[in-house]
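See below for protein27.tsv, which holds TSV, C-alpha atoms.
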chain	number	residue	atom	x	y	z
A	1	MET	CA	23.76	-30.28	-35.98
A	2	ASN	CA	23.47	-33.22	-33.67
A	3	LYS	CA	22.54	-36.24	-35.73
A	4	VAL	CA	22.41	-37.00	-39.44
A	5	LEU	CA	20.84	-40.12	-40.92
A	6	ILE	CA	22.39	-41.47	-44.15
A	7	VAL	CA	20.21	-43.98	-45.99
A	8	ASP	CA	21.96	-45.77	-48.85
A	9	ASP	CA	22.29	-49.42	-49.74
A	10	SER	CA	25.96	-48.92	-50.61
A	11	SER	CA	28.32	-48.85	-47.64
A	12	THR	CA	30.84	-47.24	-50.01
A	13	MET	CA	28.50	-44.34	-50.72
A	14	ARG	CA	27.70	-43.92	-47.01
A	15	LYS	CA	31.43	-43.55	-46.36
A	16	ILE	CA	31.86	-41.15	-49.28
A	17	ILE	CA	29.01	-38.97	-47.99
A	18	GLN	CA	30.53	-38.80	-44.52
A	19	ARG	CA	33.90	-37.89	-45.99
A	20	VAL	CA	32.40	-35.15	-48.15
A	21	LEU	CA	30.42	-33.76	-45.20
A	22	ARG	CA	33.73	-33.32	-43.39
A	23	GLN	CA	35.35	-31.77	-46.47
A	24	ALA	CA	32.41	-29.39	-46.74
A	25	ASP	CA	32.98	-28.29	-43.12
A	26	ILE	CA	29.50	-29.38	-42.13
A	27	ALA	CA	29.74	-30.11	-38.45
A	28	VAL	CA	27.97	-33.31	-37.50
A	29	ASP	CA	28.12	-34.79	-34.02
A	30	ASN	CA	26.81	-38.18	-34.92
A	31	VAL	CA	26.03	-40.10	-38.11
A	32	ILE	CA	23.49	-42.91	-38.17
A	33	GLU	CA	23.62	-45.26	-41.18
A	34	ALA	CA	20.81	-47.27	-42.74
A	35	ALA	CA	20.92	-49.53	-45.80
A	36	ASN	CA	17.35	-48.99	-47.03
A	37	GLY	CA	14.09	-47.24	-46.23
A	38	VAL	CA	12.96	-49.84	-43.73
A	39	GLU	CA	16.16	-49.45	-41.72
A	40	GLY	CA	15.87	-45.69	-42.12
A	41	LEU	CA	12.41	-45.57	-40.58
A	42	ALA	CA	13.59	-47.78	-37.73
A	43	ALA	CA	16.57	-45.49	-37.14
A	44	LEU	CA	14.27	-42.46	-36.98
A	45	GLU	CA	12.05	-44.28	-34.51
A	46	SER	CA	14.93	-45.03	-32.16
A	47	ASN	CA	16.71	-41.70	-32.70
A	48	PRO	CA	14.06	-38.98	-32.54
A	49	ASP	CA	16.75	-36.29	-32.34
A	50	ILE	CA	17.99	-36.90	-35.89
A	51	GLY	CA	18.00	-33.47	-37.48
A	52	LEU	CA	18.68	-34.19	-41.15
A	53	VAL	CA	18.28	-37.12	-43.52
A	54	LEU	CA	20.32	-37.81	-46.66
A	55	SER	CA	18.68	-40.58	-48.65
A	56	ASP	CA	19.45	-42.51	-51.80
A	57	VAL	CA	16.53	-43.10	-54.19
A	58	ASN	CA	17.21	-46.49	-55.72
A	59	MET	CA	17.44	-49.06	-52.91
A	60	PRO	CA	16.22	-52.61	-52.27
A	61	GLU	CA	13.58	-53.46	-49.60
A	62	MET	CA	12.18	-49.91	-49.50
A	63	ASN	CA	13.34	-47.27	-51.96
A	64	GLY	CA	13.80	-43.58	-51.25
A	65	ILE	CA	10.37	-42.69	-52.61
A	66	ASP	CA	8.50	-44.96	-50.22
A	67	PHE	CA	10.83	-43.95	-47.41
A	68	VAL	CA	9.92	-40.27	-47.85
A	69	ARG	CA	6.25	-41.13	-48.26
A	70	ASN	CA	6.29	-43.05	-44.97
A	71	LEU	CA	8.27	-40.61	-42.89
A	72	ARG	CA	6.11	-37.67	-44.00
A	73	THR	CA	3.13	-39.29	-42.33
A	74	THR	CA	4.73	-38.40	-38.99
A	75	ARG	CA	7.39	-35.74	-39.67
A	76	THR	CA	6.84	-32.53	-41.63
A	77	LYS	CA	9.33	-30.96	-44.04
A	78	GLU	CA	9.99	-28.26	-41.47
A	79	ALA	CA	10.55	-30.74	-38.64
A	80	LEU	CA	12.89	-33.05	-40.53
A	81	PRO	CA	14.61	-31.98	-43.77
A	82	VAL	CA	15.26	-34.80	-46.23
A	83	ILE	CA	17.77	-34.42	-49.06
A	84	MET	CA	17.77	-37.04	-51.79
A	85	VAL	CA	21.24	-38.12	-52.93
A	86	THR	CA	20.94	-39.75	-56.30
A	87	THR	CA	22.54	-40.59	-59.61
A	88	GLU	CA	19.25	-39.67	-61.25
A	89	GLY	CA	19.21	-35.91	-61.08
A	90	GLY	CA	16.05	-34.45	-62.49
A	91	GLY	CA	14.62	-37.88	-63.22
A	92	GLU	CA	11.06	-38.90	-62.54
A	93	MET	CA	11.87	-40.58	-59.23
A	94	VAL	CA	13.50	-37.43	-57.90
A	95	ASN	CA	10.52	-35.35	-58.99
A	96	THR	CA	8.21	-37.78	-57.23
A	97	ALA	CA	10.31	-37.62	-54.06
A	98	MET	CA	10.11	-33.83	-54.13
A	99	GLU	CA	6.34	-33.95	-54.55
A	100	LEU	CA	6.12	-36.33	-51.60
A	101	GLY	CA	8.03	-33.99	-49.33
A	102	ALA	CA	11.76	-34.20	-49.91
A	103	ASN	CA	13.37	-30.82	-49.24
A	104	GLY	CA	15.98	-31.02	-51.99
A	105	TYR	CA	18.36	-33.25	-53.85
A	106	VAL	CA	22.00	-33.54	-54.76
A	107	CYS	CA	23.37	-35.54	-57.67
A	108	LYS	CA	26.12	-38.14	-57.55
A	109	PRO	CA	28.96	-37.65	-58.15
A	110	PHE	CA	28.94	-34.68	-55.82
A	111	THR	CA	31.55	-32.32	-54.50
A	112	PRO	CA	31.93	-30.68	-51.09
A	113	GLU	CA	30.58	-27.53	-52.77
A	114	SER	CA	27.45	-29.17	-54.15
A	115	ILE	CA	26.79	-30.90	-50.81
A	116	ARG	CA	27.27	-27.64	-48.95
A	117	SER	CA	24.96	-25.84	-51.36
A	118	ALA	CA	22.23	-28.45	-50.95
A	119	LEU	CA	22.48	-28.58	-47.16
A	120	GLU	CA	23.12	-24.91	-46.43
A	121	PRO	CA	19.45	-24.00	-45.89
A	122	PHE	CA	19.12	-26.73	-43.29
A	123	VAL	CA	22.32	-26.55	-41.25
A	124	SER	CA	23.44	-23.85	-38.92
B	1	MET	CA	13.91	-45.09	-81.96
B	2	GLU	CA	14.69	-42.56	-84.60
B	3	ASP	CA	18.07	-41.36	-83.49
B	4	SER	CA	21.25	-43.34	-83.96
B	5	LEU	CA	22.34	-45.82	-81.34
B	6	GLU	CA	25.92	-44.81	-81.99
B	7	ASP	CA	25.06	-42.08	-79.55
B	8	LEU	CA	24.82	-44.66	-76.75
B	9	SER	CA	28.48	-45.54	-77.15
B	10	MET	CA	29.52	-41.90	-77.14
B	11	GLN	CA	27.38	-41.16	-74.10
B	12	LEU	CA	28.79	-44.15	-72.24
B	13	SER	CA	32.27	-42.81	-72.88
B	14	ALA	CA	31.22	-39.37	-71.64
B	15	ALA	CA	29.60	-40.89	-68.53
B	16	VAL	CA	32.73	-42.89	-67.69
B	17	ASP	CA	34.82	-39.79	-68.25
B	18	GLU	CA	32.61	-37.77	-65.91
B	19	ILE	CA	32.76	-40.32	-63.10
B	20	THR	CA	36.44	-41.12	-63.37
B	21	ALA	CA	37.36	-37.43	-63.48
B	22	SER	CA	35.60	-36.81	-60.20
B	23	MET	CA	36.03	-40.14	-58.41
B	24	LEU	CA	39.11	-41.77	-59.98
B	25	PRO	CA	41.36	-38.93	-61.10
B	26	ASP	CA	44.38	-41.21	-61.43
B	27	ALA	CA	42.75	-43.70	-63.80
B	28	GLN	CA	43.88	-43.69	-67.42
B	29	PHE	CA	41.71	-44.56	-70.36
B	30	GLY	CA	42.77	-47.68	-72.18
B	31	GLY	CA	42.92	-47.23	-75.94
B	32	ALA	CA	41.17	-50.31	-77.17
B	33	ALA	CA	38.76	-51.28	-74.40
B	34	ALA	CA	40.72	-54.50	-74.11
B	35	ALA	CA	38.83	-57.63	-73.24
B	36	VAL	CA	38.85	-58.45	-69.53
B	37	ASP	CA	37.89	-62.05	-69.09
B	38	ASN	CA	39.58	-64.62	-66.94
B	39	PRO	CA	38.61	-66.70	-63.90
B	40	ASP	CA	39.34	-63.95	-61.37
B	41	THR	CA	37.55	-61.17	-63.26
B	42	HIS	CA	35.20	-59.07	-61.12
B	43	ARG	CA	31.82	-58.37	-62.71
B	44	ALA	CA	28.99	-56.03	-61.80
B	45	ARG	CA	26.01	-54.77	-63.74
B	46	ILE	CA	23.07	-52.39	-63.52
B	47	ARG	CA	19.93	-53.09	-65.50
B	48	PHE	CA	17.92	-50.26	-67.11
B	49	ARG	CA	14.30	-50.42	-68.20
B	50	GLY	CA	12.31	-48.02	-70.33
B	51	PRO	CA	11.73	-47.52	-74.04
B	52	LEU	CA	15.07	-49.33	-74.36
B	53	ALA	CA	16.09	-52.13	-72.01
B	54	GLY	CA	19.56	-53.35	-71.31
B	55	GLU	CA	22.42	-53.10	-68.90
B	56	VAL	CA	25.68	-51.40	-68.07
B	57	ARG	CA	28.37	-53.94	-67.27
B	58	LEU	CA	31.68	-53.55	-65.48
B	59	ARG	CA	34.42	-56.14	-65.81
B	60	CYS	CA	37.80	-55.66	-64.24
B	61	ASP	CA	40.85	-57.63	-63.32
B	62	PRO	CA	41.89	-57.87	-59.64
B	63	LEU	CA	44.38	-55.01	-59.91
B	64	ALA	CA	41.83	-52.66	-61.44
B	65	ALA	CA	39.15	-53.78	-58.99
B	66	ASP	CA	41.43	-53.07	-56.06
B	67	SER	CA	42.41	-49.68	-57.46
B	68	ILE	CA	38.84	-48.56	-58.18
B	69	ALA	CA	37.63	-49.66	-54.75
B	70	ARG	CA	40.50	-48.04	-52.86
B	71	SER	CA	40.03	-44.80	-54.79
B	72	LEU	CA	36.31	-44.66	-53.95
B	73	LEU	CA	36.91	-45.59	-50.33
B	74	MET	CA	39.94	-43.30	-50.00
B	75	MET	CA	42.01	-46.21	-48.72
B	76	GLY	CA	45.77	-46.41	-48.88
B	77	PRO	CA	47.46	-49.32	-50.62
B	78	SER	CA	48.13	-51.10	-47.33
B	79	ASP	CA	44.78	-50.46	-45.65
B	80	PRO	CA	42.83	-53.68	-45.11
B	81	MET	CA	39.82	-54.03	-47.41
B	82	SER	CA	37.28	-56.82	-47.08
B	83	ALA	CA	35.82	-58.71	-50.02
B	84	GLU	CA	32.46	-57.15	-49.17
B	85	GLU	CA	33.92	-53.64	-49.28
B	86	LEU	CA	35.51	-54.42	-52.64
B	87	ARG	CA	32.26	-55.78	-54.05
B	88	ASP	CA	30.20	-52.88	-52.76
B	89	ALA	CA	32.64	-50.32	-54.15
B	90	LEU	CA	32.59	-51.91	-57.61
B	91	GLY	CA	28.79	-51.96	-57.50
B	92	GLU	CA	28.72	-48.30	-56.54
B	93	PHE	CA	31.15	-47.42	-59.32
B	94	THR	CA	28.87	-49.20	-61.80
B	95	ASN	CA	25.92	-47.38	-60.27
B	96	LEU	CA	27.60	-44.00	-60.66
B	97	VAL	CA	28.47	-44.67	-64.31
B	98	SER	CA	24.96	-45.98	-64.97
B	99	GLY	CA	23.40	-42.90	-63.40
B	100	ALA	CA	25.51	-40.57	-65.52
B	101	PHE	CA	24.75	-42.67	-68.60
B	102	LYS	CA	21.02	-42.58	-67.81
B	103	THR	CA	21.05	-38.80	-67.44
B	104	ARG	CA	22.96	-38.31	-70.68
B	105	ALA	CA	21.63	-41.02	-72.96
B	106	LEU	CA	18.40	-42.49	-71.60
B	107	ASP	CA	16.42	-39.71	-69.92
B	108	PRO	CA	16.14	-37.73	-73.19
B	109	ARG	CA	14.53	-40.83	-74.75
B	110	GLY	CA	11.85	-41.43	-72.11
B	111	THR	CA	11.28	-42.63	-68.56
B	112	TYR	CA	13.76	-45.19	-67.28
B	113	THR	CA	14.41	-47.06	-64.06
B	114	LEU	CA	17.72	-48.51	-62.91
B	115	SER	CA	18.21	-51.68	-60.91
B	116	VAL	CA	20.41	-51.96	-57.88
B	117	PRO	CA	23.86	-53.39	-58.61
B	118	GLU	CA	24.16	-57.10	-59.30
B	119	TRP	CA	27.35	-59.13	-59.12
B	120	SER	CA	28.24	-62.26	-60.96
B	121	PRO	CA	31.26	-64.51	-60.42
B	122	ALA	CA	30.94	-65.72	-64.00
B	123	GLU	CA	30.39	-64.06	-67.32
B	124	GLN	CA	26.74	-63.13	-67.83
B	125	PRO	CA	25.33	-64.69	-70.97
B	126	ALA	CA	25.20	-62.34	-73.94
B	127	SER	CA	21.45	-61.83	-74.17
B	128	GLY	CA	21.44	-58.76	-76.36
B	129	ALA	CA	23.62	-56.56	-78.48
B	130	LEU	CA	26.76	-54.79	-77.37
B	131	GLN	CA	26.42	-51.08	-78.12
B	132	GLY	CA	29.71	-49.73	-76.85
B	133	ALA	CA	32.63	-50.28	-74.53
B	134	VAL	CA	35.13	-48.12	-72.72
B	135	GLY	CA	38.46	-49.30	-71.37
B	136	LEU	CA	40.12	-48.06	-68.22
B	137	ALA	CA	43.57	-48.76	-66.87
B	138	PRO	CA	43.54	-47.82	-63.20
B	139	ALA	CA	46.89	-48.44	-61.51
B	140	GLY	CA	48.04	-50.66	-64.34
B	141	GLY	CA	45.01	-52.94	-64.17
B	142	LEU	CA	42.38	-53.37	-66.84
B	143	ALA	CA	38.71	-52.54	-66.60
B	144	ARG	CA	36.05	-52.52	-69.27
B	145	ILE	CA	32.63	-50.88	-69.08
B	146	GLU	CA	30.01	-51.90	-71.62
B	147	VAL	CA	26.46	-50.97	-72.52
B	148	TRP	CA	24.17	-53.70	-73.84
B	149	LEU	CA	20.66	-53.56	-75.22
B	150	ASP	CA	18.35	-56.50	-74.71
B	151	SER	CA	16.85	-56.46	-78.15
B	152	ALA	CA	18.50	-54.92	-81.15
B	153	PRO	CA	16.33	-52.36	-82.96
B	154	ALA	CA	16.09	-52.54	-86.73
B	155	ARG	CA	18.58	-49.72	-87.25
B	156	GLN	CA	21.18	-51.20	-84.94
B	157	GLU	CA	24.75	-50.24	-85.65
B	158	SER	CA	27.61	-52.70	-85.39
B	159	PRO	CA	29.10	-53.06	-81.88
B	160	GLY	CA	31.28	-50.13	-80.96
B	161	ALA	CA	33.92	-51.96	-78.97
Just dump the structure as structure tokens.
Amino acid sequence: MNKVLIVDDSSTMRKIIQRVLRQADIAVDNVIEAANGVEGLAALESNPDIGLVLSDVNMPEMNGIDFVRNLRTTRTKEALPVIMVTTEGGGEMVNTAMELGANGYVCKPFTPESIRSALEPFVS
Amino acid sequence: MEDSLEDLSMQLSAAVDEITASMLPDAQFGGAAAAVDNPDTHRARIRFRGPLAGEVRLRCDPLAADSIARSLLMMGPSDPMSAEELRDALGEFTNLVSGAFKTRALDPRGTYTLSVPEWSPAEQPASGALQGAVGLAPAGGLARIEVWLDSAPARQESPGA
């Protein structure tokens, strides 16, 4: 996979996700970071070759729900998989994100195994 | 609310246990959830809103704060860590505990939303009722995680600290 976009308002969680991607042996050439949905949309605009998005749900400025809603106006689920990474597994916000076009979700705290399981359908 | 609020304290303890087991395996539970309150105490909180409203609070002394942050960030004891990294890590730790607490204790009671982490250099005023507290002793420091409810229901139990 060439590029992955990680959208999370916590720089700590962005680092943890990158570390766990490595531990899960998911090969990523380049990671782009964004701190909220607004930055995420801008990153997608300037990096059209991003192949996978991992997004938090609960963020300031633009949350993960509105982020998915916005990006699905231009990118289909098949063209750009989006996995929600959230503390709120099974909660209403995650269900809403799935209805709006998220491809899956993984709950925090996660393990290399749970990340691999969530991403497996979308990475080669 | 028909069911006992004692459950909130137990679920907070279970949530802290879940997060520390996966993210802070070296942390030890403190027996008495000792008070952590002095001028250099680090404080973070997450608000929750739904049928019940309140917050999950983290307070920790500098040693515990440093230990929690370095564990989350996988930093060695001599790796440089900025104040912003420390603050963000403590906020994320509070967020993780709050998420686990929400899944265990709040979601079965209705629809809830969580705030993003907030930090305070000073003690937040006690605007509600303490429902439970859990102590942690990471690397010899002291940390205390509490759950508060904004308004005490009629069947409120005494604080579980």
Using all atoms listed in the file, tabulate the residues of range 32-75 of chain A lying at most 7 Å from any atom of range 6-12 of chain A, each with its closest atom pair and that distance in Å to one decimal, by chain and increasing residue number, as a tab-separated table.
residue	atom	partner	partner_atom	distance
A:Ile32	CA	A:Ile6	CA	6.2
A:Glu33	CA	A:Ile6	CA	5.0
A:Ala34	CA	A:Val7	CA	4.7
A:Ala35	CA	A:Asp9	CA	4.2
A:Asn36	CA	A:Asp9	CA	5.7
A:Gly37	CA	A:Val7	CA	6.9
A:Gly40	CA	A:Val7	CA	6.1
A:Val53	CA	A:Ile6	CA	6.0
A:Leu54	CA	A:Ile6	CA	4.9
A:Ser55	CA	A:Val7	CA	4.6
A:Asp56	CA	A:Asp8	CA	5.1
A:Met59	CA	A:Asp9	CA	5.8
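Taking CA of Asp37 in chain B as the reference point, CA of Ile145 in chain B is found at 12.3 Å.
Put simply, CA of Ala139 in chain B is 27.9 Å away from CA of Thr86 in chain A.
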Show me, as a ChimeraX atom specification, the residues of chain B whose atoms get within 9 Å of chain A, using only C-alpha atoms for the distance check.
/B:18-19,22-23,69,72-74,85-86,88-89,91-92,95-100,102-103,107,111-116
Please write as a short mmCIF file (atom, residue, chain, number, x, y, z; two decimals) with C-alpha atoms, in the frame of the given file the list of polymer residues whose atoms come within 9 Å of (40.1, -54.9, -55.3), counting only C-alpha atoms and keeping to the coordinates of the file.
data_model
loop_
_atom_site.label_atom_id
_atom_site.label_comp_id
_atom_site.auth_asym_id
_atom_site.auth_seq_id
_atom_site.Cartn_x
_atom_site.Cartn_y
_atom_site.Cartn_z
CA HIS B 42 35.20 -59.07 -61.12
CA ASP B 61 40.85 -57.63 -63.32
CA PRO B 62 41.89 -57.87 -59.64
CA LEU B 63 44.38 -55.01 -59.91
CA ALA B 64 41.83 -52.66 -61.44
CA ALA B 65 39.15 -53.78 -58.99
CA ASP B 66 41.43 -53.07 -56.06
CA SER B 67 42.41 -49.68 -57.46
CA ILE B 68 38.84 -48.56 -58.18
CA ALA B 69 37.63 -49.66 -54.75
CA ARG B 70 40.50 -48.04 -52.86
CA MET B 81 39.82 -54.03 -47.41
CA SER B 82 37.28 -56.82 -47.08
CA ALA B 83 35.82 -58.71 -50.02
CA GLU B 85 33.92 -53.64 -49.28
CA LEU B 86 35.51 -54.42 -52.64
CA ARG B 87 32.26 -55.78 -54.05
CA ALA B 89 32.64 -50.32 -54.15
CA LEU B 90 32.59 -51.91 -57.61
#
Quick one: axis-aligned box around all listed atoms of range 75-91 of chain B, 5 Å on every side, centre and edge lengths in Å to one decimal, written as JSON.
{"center_x": 38.5, "center_y": -52.5, "center_z": -51.4, "size_x": 29.3, "size_y": 22.5, "size_z": 22.5}
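Going from CA of Arg69 in chain A over to CA of Asp49 in chain A, you cover 19.7 Å.
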List every protein, DNA or RNA residue with an atom no more than 10 Å from (13.3, -37.4, -36.3) in the file's coordinates, counting all atoms listed in the file, and format the result as a list in words.
Lys3, Val4, Leu5, Leu41, Ala43, Leu44, Glu45, Ser46, Asn47, Pro48, Asp49, Ile50, Gly51, Leu52, Val53, Leu71, Thr74, Arg75, Thr76, Ala79, Leu80 and Pro81 of chain A
Determine, counting all atoms listed in the file, which protein, DNA and RNA residues have an atom within 6 Å of an atom of Val147 in chain B; residues of the same chain fewer than 5 positions away are not included. Present the result as a list of chain:residue names.
B:Glu55, B:Val56, B:Gln131, B:Gly132
So, with only C-alpha atoms as the atoms that count, which of A:Val123, A:Ile83, A:Ile26, A:Ala42 lies closest to Val106 in chain A?
A:Ile83
Go through A:Pro121, A:Pro112, A:Gly64, A:Gly101 one by one, measure the shortest atom-to-atom distance of each to Lys77 in chain A using all atoms listed in the file, and give the residue with the smallest value.
A:Gly101
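Checking B:Val134, B:Leu142, B:Cys60, B:Leu149 one by one against Ser13 in chain B, counting all atoms listed in the file, you find the shortest gap at B:Val134.
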